[in-house]
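This is coords.txt. It holds compact mmCIF, C-alpha atoms and all ligand atoms.
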```txt
# COMPACT_ATOMS: atom_id res chain seq x y z
CA MET A 162 13.20 -18.03 13.98
CA PHE A 163 11.82 -14.48 14.07
CA LYS A 164 9.05 -13.76 16.57
CA ALA A 165 6.26 -11.61 15.18
CA ALA A 166 3.15 -9.85 16.44
CA ILE A 167 0.19 -8.24 14.69
CA VAL A 168 -1.64 -5.16 15.97
CA GLY A 169 -5.06 -4.61 14.36
CA CYS A 170 -6.92 -7.89 13.89
CA GLY A 171 -9.37 -6.77 11.17
CA ASP A 172 -9.84 -7.62 7.51
CA VAL A 173 -6.28 -7.44 6.22
CA SER A 174 -4.66 -9.11 9.24
CA ILE A 175 -5.44 -12.60 7.96
CA VAL A 176 -3.20 -11.99 4.94
CA TYR A 177 -0.36 -11.28 7.38
CA ALA A 178 -1.11 -14.32 9.49
CA GLU A 179 -0.85 -16.54 6.40
CA ALA A 180 2.22 -14.86 4.96
CA ILE A 181 4.17 -14.90 8.24
CA ALA A 182 3.33 -18.56 8.79
CA ALA A 183 4.37 -19.37 5.20
CA LEU A 184 7.84 -17.89 5.68
CA GLY A 185 8.44 -19.85 8.88
CA ALA A 186 8.32 -17.02 11.43
CA GLU A 187 6.26 -17.44 14.60
CA ILE A 188 3.30 -15.20 15.46
CA VAL A 189 3.58 -15.07 19.22
CA ALA A 190 1.00 -12.37 19.96
CA VAL A 191 -1.79 -10.30 18.45
CA ALA A 192 -3.50 -7.17 19.79
CA ASP A 193 -6.71 -5.32 19.10
CA LEU A 194 -8.79 -2.83 21.10
CA ASP A 195 -11.77 -4.95 20.03
CA HIS A 196 -11.47 -7.99 22.29
CA ALA A 197 -13.48 -10.28 20.01
CA ALA A 198 -11.25 -9.45 17.02
CA ALA A 199 -8.07 -10.11 19.05
CA LEU A 200 -9.37 -13.40 20.42
CA LYS A 201 -10.50 -14.58 16.97
CA LEU A 202 -7.10 -13.97 15.34
CA ALA A 203 -5.29 -15.38 18.40
CA GLN A 204 -7.25 -18.59 18.07
CA LYS A 205 -6.50 -18.85 14.36
CA THR A 206 -2.76 -18.23 14.82
CA GLN A 207 -2.28 -20.00 18.18
CA ALA A 208 -0.93 -16.70 19.53
CA THR A 209 -1.61 -14.86 22.79
CA ALA A 210 -4.28 -12.15 22.59
CA TYR A 211 -3.76 -8.67 24.04
CA PHE A 212 -6.12 -5.73 24.07
CA SER A 213 -3.54 -3.00 23.52
CA LEU A 214 -0.06 -2.74 22.02
CA GLN A 215 1.30 -1.35 25.31
CA GLU A 216 0.24 -4.54 27.07
CA LEU A 217 1.67 -6.73 24.30
CA LEU A 218 5.06 -5.00 24.34
CA ALA A 219 5.22 -5.17 28.13
CA GLN A 220 4.62 -8.92 28.18
CA GLU A 221 6.28 -10.28 25.03
CA THR A 222 9.73 -10.24 23.42
CA ILE A 223 9.22 -9.85 19.67
CA ASP A 224 11.42 -9.06 16.66
CA VAL A 225 8.80 -7.64 14.28
CA LEU A 226 5.47 -5.85 14.69
CA HIS A 227 2.97 -5.75 11.81
CA ILE A 228 0.63 -2.76 12.04
CA THR A 229 -2.73 -3.39 10.39
CA THR A 230 -4.91 -0.83 12.15
CA PRO A 231 -6.77 2.16 10.64
CA HIS A 232 -4.46 4.84 9.24
CA ASP A 233 -4.80 7.29 12.15
CA GLN A 234 -3.19 4.76 14.49
CA HIS A 235 -0.15 3.89 12.32
CA ILE A 236 2.31 6.51 13.57
CA ASP A 237 1.68 6.25 17.32
CA LEU A 238 1.90 2.46 17.19
CA ALA A 239 5.00 2.48 14.96
CA LEU A 240 6.81 4.91 17.30
CA MET A 241 5.84 2.82 20.32
CA ALA A 242 7.32 -0.32 18.75
CA LEU A 243 10.48 1.35 17.41
CA LYS A 244 11.17 2.87 20.84
CA ALA A 245 10.81 -0.64 22.30
CA GLY A 246 13.50 -1.89 19.87
CA VAL A 247 11.09 -3.76 17.57
CA HIS A 248 11.20 -3.75 13.74
CA VAL A 249 7.97 -2.49 12.14
CA LEU A 250 6.11 -3.24 8.94
CA VAL A 251 3.19 -0.83 8.67
CA GLU A 252 0.25 -0.95 6.27
CA ASN A 253 -0.36 1.87 3.83
CA PRO A 254 -1.00 4.75 3.69
CA LEU A 255 1.80 5.67 6.07
CA ALA A 256 -0.49 7.99 8.05
CA ASN A 257 -3.84 9.74 7.82
CA GLU A 258 -2.14 13.18 7.76
CA LEU A 259 1.22 14.54 6.62
CA ASP A 260 2.08 16.04 10.02
CA GLN A 261 1.62 12.60 11.57
CA ALA A 262 3.98 11.07 9.00
CA GLN A 263 6.48 13.87 9.72
CA ARG A 264 6.61 12.89 13.42
CA LEU A 265 7.90 9.48 12.37
CA LEU A 266 10.40 10.90 9.88
CA ASP A 267 11.73 13.29 12.55
CA TYR A 268 12.16 10.42 14.99
CA LEU A 269 14.04 8.34 12.40
CA LYS A 270 16.30 11.28 11.58
CA GLU A 271 17.15 11.80 15.24
CA ASN A 272 17.58 8.06 15.81
CA PRO A 273 19.55 6.62 12.88
CA GLN A 274 20.11 3.38 14.83
CA ALA A 275 16.35 2.78 15.24
CA PRO A 276 15.06 -0.66 14.22
CA LYS A 277 13.91 -1.16 10.60
CA ILE A 278 10.63 0.15 9.29
CA GLY A 279 8.91 -0.82 6.04
CA VAL A 280 5.61 0.28 4.48
CA CYS A 281 3.43 -2.25 2.69
CA PHE A 282 3.34 -1.21 -0.97
CA GLN A 283 3.09 -4.82 -2.08
CA ASN A 284 2.11 -3.98 -5.67
CA ARG A 285 5.73 -3.06 -6.35
CA TYR A 286 6.32 -6.84 -6.17
CA ASN A 287 3.66 -7.66 -8.78
CA VAL A 288 4.91 -9.39 -11.93
CA SER A 289 3.82 -6.33 -13.95
CA SER A 290 5.90 -3.94 -11.81
CA VAL A 291 9.00 -6.14 -11.74
CA GLU A 292 8.90 -6.86 -15.50
CA LEU A 293 8.43 -3.18 -16.27
CA ARG A 294 11.30 -1.96 -14.06
CA ARG A 295 13.79 -4.11 -16.01
CA PRO A 296 13.48 -2.44 -19.48
CA LEU A 297 12.88 0.88 -17.72
CA GLU A 298 16.16 0.72 -15.80
CA GLU A 299 18.02 -0.52 -18.87
CA GLY A 300 16.75 2.45 -20.91
CA GLU A 301 15.13 0.24 -23.58
CA LEU A 302 11.83 2.14 -23.54
CA GLY A 303 13.22 5.49 -24.68
CA GLU A 304 11.67 8.79 -23.63
CA ILE A 305 8.42 8.78 -21.66
CA ARG A 306 5.58 10.82 -23.20
CA GLY A 307 2.85 10.45 -20.60
CA ALA A 308 0.64 8.05 -18.67
CA TYR A 309 -2.94 7.35 -17.68
CA ALA A 310 -4.18 5.36 -14.69
CA SER A 311 -7.59 4.34 -13.42
CA VAL A 312 -9.08 2.65 -10.38
CA VAL A 313 -12.76 1.93 -11.05
CA TRP A 314 -14.21 -0.20 -8.29
CA THR A 315 -17.31 -0.58 -6.22
CA ARG A 316 -17.87 0.03 -2.51
CA THR A 317 -21.35 -0.34 -1.05
CA SER A 318 -22.70 1.46 2.02
CA ASP A 319 -22.03 -1.77 3.99
CA TYR A 320 -18.30 -1.30 3.45
CA TYR A 321 -18.46 1.97 5.40
CA SER A 322 -21.07 1.01 7.97
CA ALA A 323 -19.12 -2.16 8.89
CA LYS A 324 -15.98 -0.12 9.66
CA PRO A 325 -17.06 3.54 10.08
CA TRP A 326 -13.45 4.91 10.22
CA ARG A 327 -13.16 4.24 6.47
CA GLY A 328 -15.71 6.96 5.73
CA GLN A 329 -14.53 9.46 8.38
CA GLN A 330 -12.10 12.10 7.15
CA ILE A 331 -10.78 12.72 10.66
CA ARG A 332 -9.67 9.07 11.02
CA SER A 333 -8.82 7.92 7.50
CA GLY A 334 -7.62 11.27 6.14
CA GLY A 335 -9.46 10.56 2.88
CA GLY A 336 -11.35 7.95 0.89
CA LEU A 337 -10.60 6.51 -2.54
CA LEU A 338 -7.15 8.13 -2.83
CA MET A 339 -5.99 7.14 0.65
CA ASN A 340 -7.56 3.72 0.94
CA GLN A 341 -7.77 2.22 -2.55
CA ALA A 342 -5.84 4.26 -5.14
CA ILE A 343 -2.77 4.88 -2.95
CA HIS A 344 -1.02 1.91 -4.62
CA THR A 345 -1.70 3.31 -8.09
CA LEU A 346 -0.43 6.76 -7.08
CA ASP A 347 2.68 5.08 -5.66
CA LEU A 348 3.31 3.16 -8.90
CA LEU A 349 2.78 6.24 -11.08
CA GLN A 350 5.46 8.22 -9.24
CA TRP A 351 7.74 5.16 -8.99
CA PHE A 352 7.64 4.63 -12.77
CA LEU A 353 7.56 8.27 -13.87
CA GLY A 354 9.47 10.08 -11.15
CA PRO A 355 8.50 12.50 -8.37
CA VAL A 356 5.38 14.64 -8.77
CA THR A 357 5.87 18.40 -8.59
CA LYS A 358 2.38 19.69 -9.40
CA VAL A 359 -1.13 18.34 -8.85
CA ARG A 360 -4.43 19.59 -10.31
CA GLY A 361 -7.82 17.92 -10.12
CA GLU A 362 -10.91 17.40 -8.02
CA VAL A 363 -12.42 14.96 -5.57
CA SER A 364 -16.09 14.36 -4.90
CA THR A 365 -18.25 12.25 -2.63
CA ASP A 366 -20.74 11.29 -5.39
CA LYS A 367 -22.37 8.54 -3.35
CA TYR A 368 -23.16 7.85 0.31
CA GLY A 369 -22.75 11.51 1.23
CA GLU A 370 -25.19 10.94 4.09
CA ILE A 371 -22.88 8.36 5.77
CA ILE A 372 -19.33 9.34 4.70
CA ASP A 373 -17.37 12.57 4.50
CA VAL A 374 -14.47 11.25 2.37
CA GLU A 375 -14.24 11.23 -1.43
CA HIS A 376 -15.71 8.39 -3.47
CA SER A 377 -14.36 9.66 -6.83
CA ALA A 378 -11.42 11.73 -8.04
CA HIS A 379 -9.71 12.93 -11.19
CA ALA A 380 -6.19 14.31 -11.26
CA PHE A 381 -3.52 15.65 -13.54
CA PHE A 382 0.03 15.16 -12.20
CA THR A 383 3.13 16.92 -13.49
CA HIS A 384 6.31 14.96 -12.82
CA GLU A 385 9.80 16.37 -12.18
CA SER A 386 10.83 15.51 -15.77
CA GLY A 387 8.04 17.80 -17.07
CA ILE A 388 5.84 14.98 -18.41
CA SER A 389 2.27 14.50 -17.20
CA SER A 390 0.07 11.67 -16.06
CA SER A 391 -3.68 11.67 -15.63
CA PHE A 392 -5.75 9.66 -13.19
CA TYR A 393 -9.41 8.80 -12.81
CA GLY A 394 -10.86 6.82 -9.94
CA THR A 395 -14.26 6.01 -8.51
CA LEU A 396 -15.76 3.56 -6.06
CA ALA A 397 -19.24 4.23 -7.43
CA ASN A 398 -19.09 1.77 -10.33
CA SER A 399 -21.45 -1.21 -10.30
CA ARG A 400 -18.55 -3.71 -10.36
CA HIS A 401 -14.77 -3.94 -10.04
CA ARG A 402 -12.76 -3.24 -13.16
CA SER A 403 -9.08 -4.18 -13.20
CA VAL A 404 -6.75 -1.37 -12.19
CA GLU A 405 -5.14 0.04 -15.30
CA ILE A 406 -1.92 2.00 -15.86
CA GLU A 407 -1.00 2.84 -19.43
CA LEU A 408 2.44 4.33 -20.10
CA ASP A 409 3.32 5.87 -23.40
CA TRP A 410 7.04 5.47 -24.08
CA GLU A 411 8.91 6.38 -27.27
CA ASN A 412 9.69 2.71 -28.04
CA ALA A 413 6.71 0.93 -26.51
CA LEU A 414 3.15 1.31 -25.30
CA VAL A 415 3.02 -0.39 -21.91
CA LYS A 416 -0.16 -1.47 -20.14
CA LEU A 417 -0.41 -2.81 -16.59
CA LYS A 418 -3.77 -4.56 -16.41
CA ASP A 419 -4.03 -8.14 -15.09
CA GLY A 420 -0.32 -8.41 -15.86
CA LEU A 421 1.94 -6.46 -18.15
CA THR A 422 1.55 -6.00 -21.91
CA VAL A 423 4.39 -4.32 -23.77
CA THR A 424 3.69 -3.40 -27.40
CA TRP A 425 7.03 -2.52 -28.94
CA ILE A 426 7.01 0.07 -31.71
CA ASN A 427 9.12 -0.50 -34.85
CA ARG A 428 10.38 -3.91 -33.76
CA ALA A 429 10.14 -6.74 -36.27
CA GLU A 430 9.99 -9.60 -33.77
CA SER A 431 8.18 -10.15 -30.45
CA GLN A 432 6.21 -7.02 -31.00
CA VAL A 433 3.81 -7.78 -28.18
CA GLU A 434 5.05 -9.28 -24.92
CA HIS A 435 2.63 -10.32 -22.16
CA TYR A 436 3.52 -11.25 -18.57
CA PRO A 437 0.46 -12.56 -16.69
CA GLU A 438 0.01 -11.63 -13.03
CA ARG A 439 0.20 -14.29 -10.32
CA THR A 440 -3.21 -15.59 -9.26
CA GLN A 441 -4.80 -15.52 -5.84
CA ASN A 442 -3.37 -17.95 -3.31
CA SER A 443 -4.39 -16.48 0.04
CA ALA A 444 -7.44 -15.50 2.03
CA GLY A 445 -7.00 -11.92 0.88
CA ARG A 446 -9.36 -10.13 -1.48
CA THR A 447 -8.48 -10.37 -5.18
CA TYR A 448 -8.14 -6.59 -5.54
CA TRP A 449 -5.33 -6.56 -2.92
CA GLY A 450 -3.25 -8.66 -5.33
CA VAL A 451 -1.09 -11.54 -4.17
CA SER A 452 2.18 -9.80 -3.40
CA HIS A 453 1.84 -9.16 0.36
CA GLU A 454 3.68 -12.41 0.97
CA LEU A 455 6.58 -11.38 -1.31
CA LEU A 456 7.01 -8.02 0.40
CA ILE A 457 6.80 -9.53 3.89
CA ARG A 458 9.36 -12.20 2.94
CA ASP A 459 11.68 -9.54 1.51
CA PHE A 460 11.30 -7.41 4.68
CA TYR A 461 12.28 -10.34 6.92
CA GLY A 462 15.16 -11.13 4.56
CA HIS A 463 16.54 -7.62 5.16
CA LEU A 464 16.25 -7.55 8.95
CA ASP A 465 19.90 -8.47 9.45
CA SER A 466 21.19 -6.02 6.83
CA ALA A 467 22.64 -2.65 7.80
CA LYS A 468 20.66 -0.79 5.12
CA PRO A 469 17.13 0.60 5.63
CA PHE A 470 14.32 -1.35 3.96
CA TRP A 471 13.86 0.03 0.43
CA ILE A 472 10.16 0.92 0.88
CA GLY A 473 10.40 3.00 4.03
CA PRO A 474 8.51 6.04 5.34
CA GLN A 475 10.30 8.49 3.02
CA GLU A 476 9.32 6.38 -0.01
CA ALA A 477 5.73 6.12 1.28
CA LEU A 478 5.48 9.88 1.72
CA ALA A 479 5.37 10.45 -2.06
CA SER A 480 1.92 8.93 -2.67
CA LEU A 481 0.57 10.41 0.58
CA ARG A 482 1.67 13.86 -0.63
CA MET A 483 -0.01 13.30 -4.02
CA ALA A 484 -3.34 12.50 -2.33
CA LYS A 485 -3.05 15.38 0.13
CA ALA A 486 -2.10 17.87 -2.59
CA LEU A 487 -5.23 16.93 -4.50
CA TYR A 488 -7.42 17.53 -1.43
N1 LIG B 501 -1.91 -3.15 1.28
C1 LIG B 501 -3.19 -3.39 1.00
O1 LIG B 501 -3.53 -3.79 -0.10
C2 LIG B 501 -4.22 -3.20 2.08
C3 LIG B 501 -5.42 -3.92 2.02
C4 LIG B 501 -6.34 -3.73 3.05
C5 LIG B 501 -6.09 -2.85 4.09
N2 LIG B 501 -4.91 -2.16 4.10
C6 LIG B 501 -4.62 -1.24 5.22
O2 LIG B 501 -4.64 -1.96 6.44
C7 LIG B 501 -5.14 -1.15 7.50
C8 LIG B 501 -6.31 -1.90 8.15
O3 LIG B 501 -7.37 -2.07 7.22
P1 LIG B 501 -8.56 -3.12 7.52
O4 LIG B 501 -9.47 -3.01 6.35
O5 LIG B 501 -7.99 -4.44 7.90
O6 LIG B 501 -9.23 -2.41 8.79
P2 LIG B 501 -10.27 -3.06 9.83
O7 LIG B 501 -11.10 -1.95 10.31
O8 LIG B 501 -10.90 -4.26 9.23
O9 LIG B 501 -9.29 -3.58 11.02
C9 LIG B 501 -8.57 -2.70 11.82
C10 LIG B 501 -8.51 -3.26 13.23
O10 LIG B 501 -7.63 -2.43 14.03
C11 LIG B 501 -8.18 -2.33 15.33
N3 LIG B 501 -7.59 -1.15 16.00
C12 LIG B 501 -7.88 0.16 15.78
N4 LIG B 501 -7.08 0.94 16.54
C13 LIG B 501 -6.29 0.11 17.27
C14 LIG B 501 -5.27 0.33 18.24
N5 LIG B 501 -4.87 1.56 18.60
N6 LIG B 501 -4.68 -0.76 18.78
C15 LIG B 501 -5.06 -2.01 18.44
N7 LIG B 501 -6.02 -2.27 17.50
C16 LIG B 501 -6.62 -1.22 16.94
C17 LIG B 501 -9.68 -2.25 15.10
O11 LIG B 501 -10.40 -2.59 16.26
C18 LIG B 501 -9.86 -3.26 13.95
O12 LIG B 501 -10.15 -4.56 14.42
C19 LIG B 501 -5.53 0.19 6.86
O13 LIG B 501 -4.50 1.12 7.05
C20 LIG B 501 -5.68 -0.15 5.38
O14 LIG B 501 -5.39 0.93 4.52
C21 LIG B 501 -3.99 -2.30 3.12
```
Turn the structure described in the file into structure tokens.
Amino acid sequence: MFKAAIVGCGDVSIVYAEAIAALGAEIVAVADLDHAAALKLAQKTQATAYFSLQELLAQETIDVLHITTPHDQHIDLALMALKAGVHVLVENPLANELDQAQRLLDYLKENPQAPKIGVCFQNRYNVSSVELRRPLEEGELGEIRGAYASVVWTRTSDYYSAKPWRGQQIRSGGGLLMNQAIHTLDLLQWFLGPVTKVRGEVSTDKYGEIIDVEHSAHAFFTHESGISSSFYGTLANSRHRSVEIELDWENALVKLKDGLTVTWINRAESQVEHYPERTQNSAGRTYWGVSHELLIRDFYGHLDSAKPFWIGPQEALASLRMAKALY
């Protein structure tokens, strides 16, 4: 049985606690600089609480570390664990800044035998993503013409005042694009190919007196193939709308919104196919989706393989670069 630990015992950590327990691994330790947060998660998971990762690694023998801290801590903590011989699954975005991410990539290049590292882009495991990759890889969709994506959600001032790092550029490296829309940016480039050019704007719009990160953004991405995608996002809406990605292929109009809807063009039968998304089954928030567990299970399933995990730091760099280019 794999022995796991979690560093960062805040909001998202409970999703990890549930997923790790569900796959039969043991959470032996948790760590947080905030003693109350560490003790609370330790009690829930029957694990030992530590108040720093250094202390945890000195005292425990673990196979996997899950990093669920603010973005500016991801790289230092990941390097600390890898150097201690521990596999790492780190939350997204990979880092708050590109030069931080580069430190990790340099280390991995110089240390090809380092333990495994994965980055949590769980939406690649959604039904909509999996069902779309199949016809895409088989070439059934024809030529891509373009795409549109939107993330229109709501975040109140309480969201930032409860965890101030989320609204501080120096810690989070950005707002909407880094914290909420990073999954949508990742999917856009995964479906349409690498992005070579970025135009657009970001704005604070709301809560400018308490945050210095963007609350809204619009962007126009040019992909390596020459086609374009456009993006609009805001956290200033009065309620959450479902994330939407619409892809315009020669043979089908494809919409990812609460599942996948494929409207085939010029096909006599089964003109519209719909694949509903899985529904919530964990303590996580609905807008995080329900695929954390699938990614975590897949990561553990690959720990004994010689190959790197398929969503590693290099893969995670693409969406981070898109956000940073827009800034
Ligand atoms: N994949 C997703 O859908 C998803 C969803 C939510 C959050 N996240 C990511 O998870 C991370 C955490 O988000 P959150 O909302 O749970 O944050 P949070 O603020 O609720 O929790 C973070 C915790 O980390 C602790 N911490 C900070 N620095 C530390 C350090 N050096 N060592 C130990 N503990 C430390 C804090 O005290 C806090 O308790 C972020 O990177 C976020 O982007 C991803």
Give me, as a short mmCIF file (atom, residue, chain, number, x, y, z; two decimals) with C-alpha atoms, in the coordinates of the input, all polymer residues having an atom no more than 9 Å from region 184-198 of chain A, counting all atoms listed in the file and skipping those fewer than 5 positions away in the same chain.
```cif
data_model
loop_
_atom_site.label_atom_id
_atom_site.label_comp_id
_atom_site.auth_asym_id
_atom_site.auth_seq_id
_atom_site.Cartn_x
_atom_site.Cartn_y
_atom_site.Cartn_z
CA MET A 162 13.20 -18.03 13.98
CA PHE A 163 11.82 -14.48 14.07
CA LYS A 164 9.05 -13.76 16.57
CA ALA A 165 6.26 -11.61 15.18
CA ALA A 166 3.15 -9.85 16.44
CA ILE A 167 0.19 -8.24 14.69
CA VAL A 168 -1.64 -5.16 15.97
CA GLY A 169 -5.06 -4.61 14.36
CA CYS A 170 -6.92 -7.89 13.89
CA GLY A 171 -9.37 -6.77 11.17
CA ALA A 178 -1.11 -14.32 9.49
CA GLU A 179 -0.85 -16.54 6.40
CA ALA A 203 -5.29 -15.38 18.40
CA THR A 206 -2.76 -18.23 14.82
CA GLN A 207 -2.28 -20.00 18.18
CA ALA A 208 -0.93 -16.70 19.53
CA THR A 209 -1.61 -14.86 22.79
CA ALA A 210 -4.28 -12.15 22.59
CA TYR A 211 -3.76 -8.67 24.04
CA PHE A 212 -6.12 -5.73 24.07
CA SER A 213 -3.54 -3.00 23.52
CA LEU A 214 -0.06 -2.74 22.02
CA GLU A 216 0.24 -4.54 27.07
CA LEU A 217 1.67 -6.73 24.30
CA GLU A 221 6.28 -10.28 25.03
CA THR A 222 9.73 -10.24 23.42
CA ILE A 223 9.22 -9.85 19.67
CA THR A 230 -4.91 -0.83 12.15
CA GLU A 454 3.68 -12.41 0.97
CA ILE A 457 6.80 -9.53 3.89
CA ARG A 458 9.36 -12.20 2.94
CA TYR A 461 12.28 -10.34 6.92
#
```
* Near Lys205 (chain A), counting all atoms listed in the file, which residues have an atom at most 10 Å away, once you skip same-chain residues fewer than 4 positions from it, shown as a list in words? -> Ile175, Ala178, Leu200 and Lys201 of chain A
* Asked: What does the distance between CA of Asp319 (chain A) and CA of Asp347 (chain A) come to in Å, to one decimal place?
  ->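 Spanning CA of Asp319 (chain A) to CA of Asp347 (chain A) is a straight-line distance of 27.4 Å.
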Please list as a compact mmCIF listing (two decimals) with C-alpha atoms, in the coordinates of the input every residue within 12 Å of Gln341 (chain A), counting all atoms listed in the file and excluding residues in the same chain fewer than 4 positions away.
```txt
# COMPACT_ATOMS: atom_id res chain seq x y z
CA ASN A 253 -0.36 1.87 3.83
CA PRO A 254 -1.00 4.75 3.69
CA PHE A 282 3.34 -1.21 -0.97
CA SER A 311 -7.59 4.34 -13.42
CA VAL A 312 -9.08 2.65 -10.38
CA VAL A 313 -12.76 1.93 -11.05
CA TRP A 314 -14.21 -0.20 -8.29
CA THR A 315 -17.31 -0.58 -6.22
CA ARG A 316 -17.87 0.03 -2.51
CA ARG A 327 -13.16 4.24 6.47
CA SER A 333 -8.82 7.92 7.50
CA GLY A 335 -9.46 10.56 2.88
CA GLY A 336 -11.35 7.95 0.89
CA LEU A 337 -10.60 6.51 -2.54
CA THR A 345 -1.70 3.31 -8.09
CA LEU A 346 -0.43 6.76 -7.08
CA ASP A 347 2.68 5.08 -5.66
CA GLU A 375 -14.24 11.23 -1.43
CA HIS A 376 -15.71 8.39 -3.47
CA SER A 377 -14.36 9.66 -6.83
CA ALA A 378 -11.42 11.73 -8.04
CA GLY A 394 -10.86 6.82 -9.94
CA THR A 395 -14.26 6.01 -8.51
CA LEU A 396 -15.76 3.56 -6.06
CA HIS A 401 -14.77 -3.94 -10.04
CA VAL A 404 -6.75 -1.37 -12.19
CA TYR A 448 -8.14 -6.59 -5.54
CA TRP A 449 -5.33 -6.56 -2.92
CA SER A 480 1.92 8.93 -2.67
CA ALA A 484 -3.34 12.50 -2.33
```
How would you write as a PDB file with C-alpha atoms, in the frame of the given file the residues that get within 12 Å of (9.6, 8.0, 5.4) in the file's frame, counting all atoms listed in the file?
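After the write, out.pdb holds the following:
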```pdb
ATOM      1  CA  ILE A 236       2.310   6.510  13.570  1.00  0.00           C
ATOM      2  CA  ALA A 239       5.000   2.480  14.960  1.00  0.00           C
ATOM      3  CA  VAL A 251       3.190  -0.830   8.670  1.00  0.00           C
ATOM      4  CA  ASN A 253      -0.360   1.870   3.830  1.00  0.00           C
ATOM      5  CA  PRO A 254      -1.000   4.750   3.690  1.00  0.00           C
ATOM      6  CA  LEU A 255       1.800   5.670   6.070  1.00  0.00           C
ATOM      7  CA  ALA A 256      -0.490   7.990   8.050  1.00  0.00           C
ATOM      8  CA  LEU A 259       1.220  14.540   6.620  1.00  0.00           C
ATOM      9  CA  ASP A 260       2.080  16.040  10.020  1.00  0.00           C
ATOM     10  CA  GLN A 261       1.620  12.600  11.570  1.00  0.00           C
ATOM     11  CA  ALA A 262       3.980  11.070   9.000  1.00  0.00           C
ATOM     12  CA  GLN A 263       6.480  13.870   9.720  1.00  0.00           C
ATOM     13  CA  ARG A 264       6.610  12.890  13.420  1.00  0.00           C
ATOM     14  CA  LEU A 265       7.900   9.480  12.370  1.00  0.00           C
ATOM     15  CA  LEU A 266      10.400  10.900   9.880  1.00  0.00           C
ATOM     16  CA  ASP A 267      11.730  13.290  12.550  1.00  0.00           C
ATOM     17  CA  TYR A 268      12.160  10.420  14.990  1.00  0.00           C
ATOM     18  CA  LEU A 269      14.040   8.340  12.400  1.00  0.00           C
ATOM     19  CA  LYS A 270      16.300  11.280  11.580  1.00  0.00           C
ATOM     20  CA  LYS A 277      13.910  -1.160  10.600  1.00  0.00           C
ATOM     21  CA  ILE A 278      10.630   0.150   9.290  1.00  0.00           C
ATOM     22  CA  GLY A 279       8.910  -0.820   6.040  1.00  0.00           C
ATOM     23  CA  VAL A 280       5.610   0.280   4.480  1.00  0.00           C
ATOM     24  CA  PRO A 469      17.130   0.600   5.630  1.00  0.00           C
ATOM     25  CA  PHE A 470      14.320  -1.350   3.960  1.00  0.00           C
ATOM     26  CA  TRP A 471      13.860   0.030   0.430  1.00  0.00           C
ATOM     27  CA  ILE A 472      10.160   0.920   0.880  1.00  0.00           C
ATOM     28  CA  GLY A 473      10.400   3.000   4.030  1.00  0.00           C
ATOM     29  CA  PRO A 474       8.510   6.040   5.340  1.00  0.00           C
ATOM     30  CA  GLN A 475      10.300   8.490   3.020  1.00  0.00           C
ATOM     31  CA  GLU A 476       9.320   6.380  -0.010  1.00  0.00           C
ATOM     32  CA  ALA A 477       5.730   6.120   1.280  1.00  0.00           C
ATOM     33  CA  LEU A 478       5.480   9.880   1.720  1.00  0.00           C
ATOM     34  CA  ALA A 479       5.370  10.450  -2.060  1.00  0.00           C
ATOM     35  CA  SER A 480       1.920   8.930  -2.670  1.00  0.00           C
ATOM     36  CA  LEU A 481       0.570  10.410   0.580  1.00  0.00           C
ATOM     37  CA  ARG A 482       1.670  13.860  -0.630  1.00  0.00           C
TER      38      ARG A 482
END
```
Please define a box with edges along x, y and z of the file around all atoms of region 434-440 of chain A given in the file, extend it by 4 Å on each side, and return its centre and edge lengths in Å to one decimal, as lines of an AutoDock Vina configuration file.
```
center_x = 0.9
center_y = -12.4
center_z = -17.1
size_x = 16.3
size_y = 14.3
size_z = 23.7
```
* Which one is closest to Gln330 (chain A): A:Ala219, A:Val433, A:Val374, A:Leu421? Count only C-alpha atoms. -> A:Val374
* Calculate how many Å separate CA of Ala310 (chain A) from CA of Asp172 (chain A), rounding to one decimal. =>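 CA of Asp172 (chain A) lies at a distance of 26.3 Å from CA of Ala310 (chain A).
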* Which is closest to Thr383 (chain A) among A:Ile406, A:Pro437, A:Leu353, A:Glu304, if we use all atoms listed in the file? ->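 Closest to Thr383 (chain A) of all the choices is A:Leu353.
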* Asked: Do you have the atom C6 of ligand LIG 501 (chain B)-CA of Trp351 (chain A) distance handy?
  -> 19.9 Å
* **Distance query Asn412 (chain A) at most 6 Å, all atoms listed in the file, self and fewer than 2 positions along chain excluded, as a list in words** =>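 Listing them by chain and then by number gives Leu302, Gly303, Trp410, Trp425 and Ile426 of chain A.
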List as a PDB file with C-alpha atoms, keeping the file's coordinate frame the protein and nucleic acid residues near His379 (chain A), meaning an atom at most 6 Å away when all atoms listed in the file are counted, but skip any in the same chain fewer than 4 places from it.
```pdb
ATOM      1  CA  GLY A 361      -7.820  17.920 -10.120  1.00  0.00           C
ATOM      2  CA  GLU A 362     -10.910  17.400  -8.020  1.00  0.00           C
ATOM      3  CA  PHE A 392      -5.750   9.660 -13.190  1.00  0.00           C
ATOM      4  CA  TYR A 393      -9.410   8.800 -12.810  1.00  0.00           C
TER       5      TYR A 393
END
```
* Pick out the closest residue to ligand LIG 501 (chain B) from this set: A:Glu271, A:Asp224, A:Asp237, A:Glu258. Count all atoms listed in the file. => A:Asp237
* Proximity to Leu293 (chain A) - best of A:Ser452, A:Thr422, A:Gln204, A:Ser390, only C-alpha atoms ->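 Closest candidate: A:Thr422.
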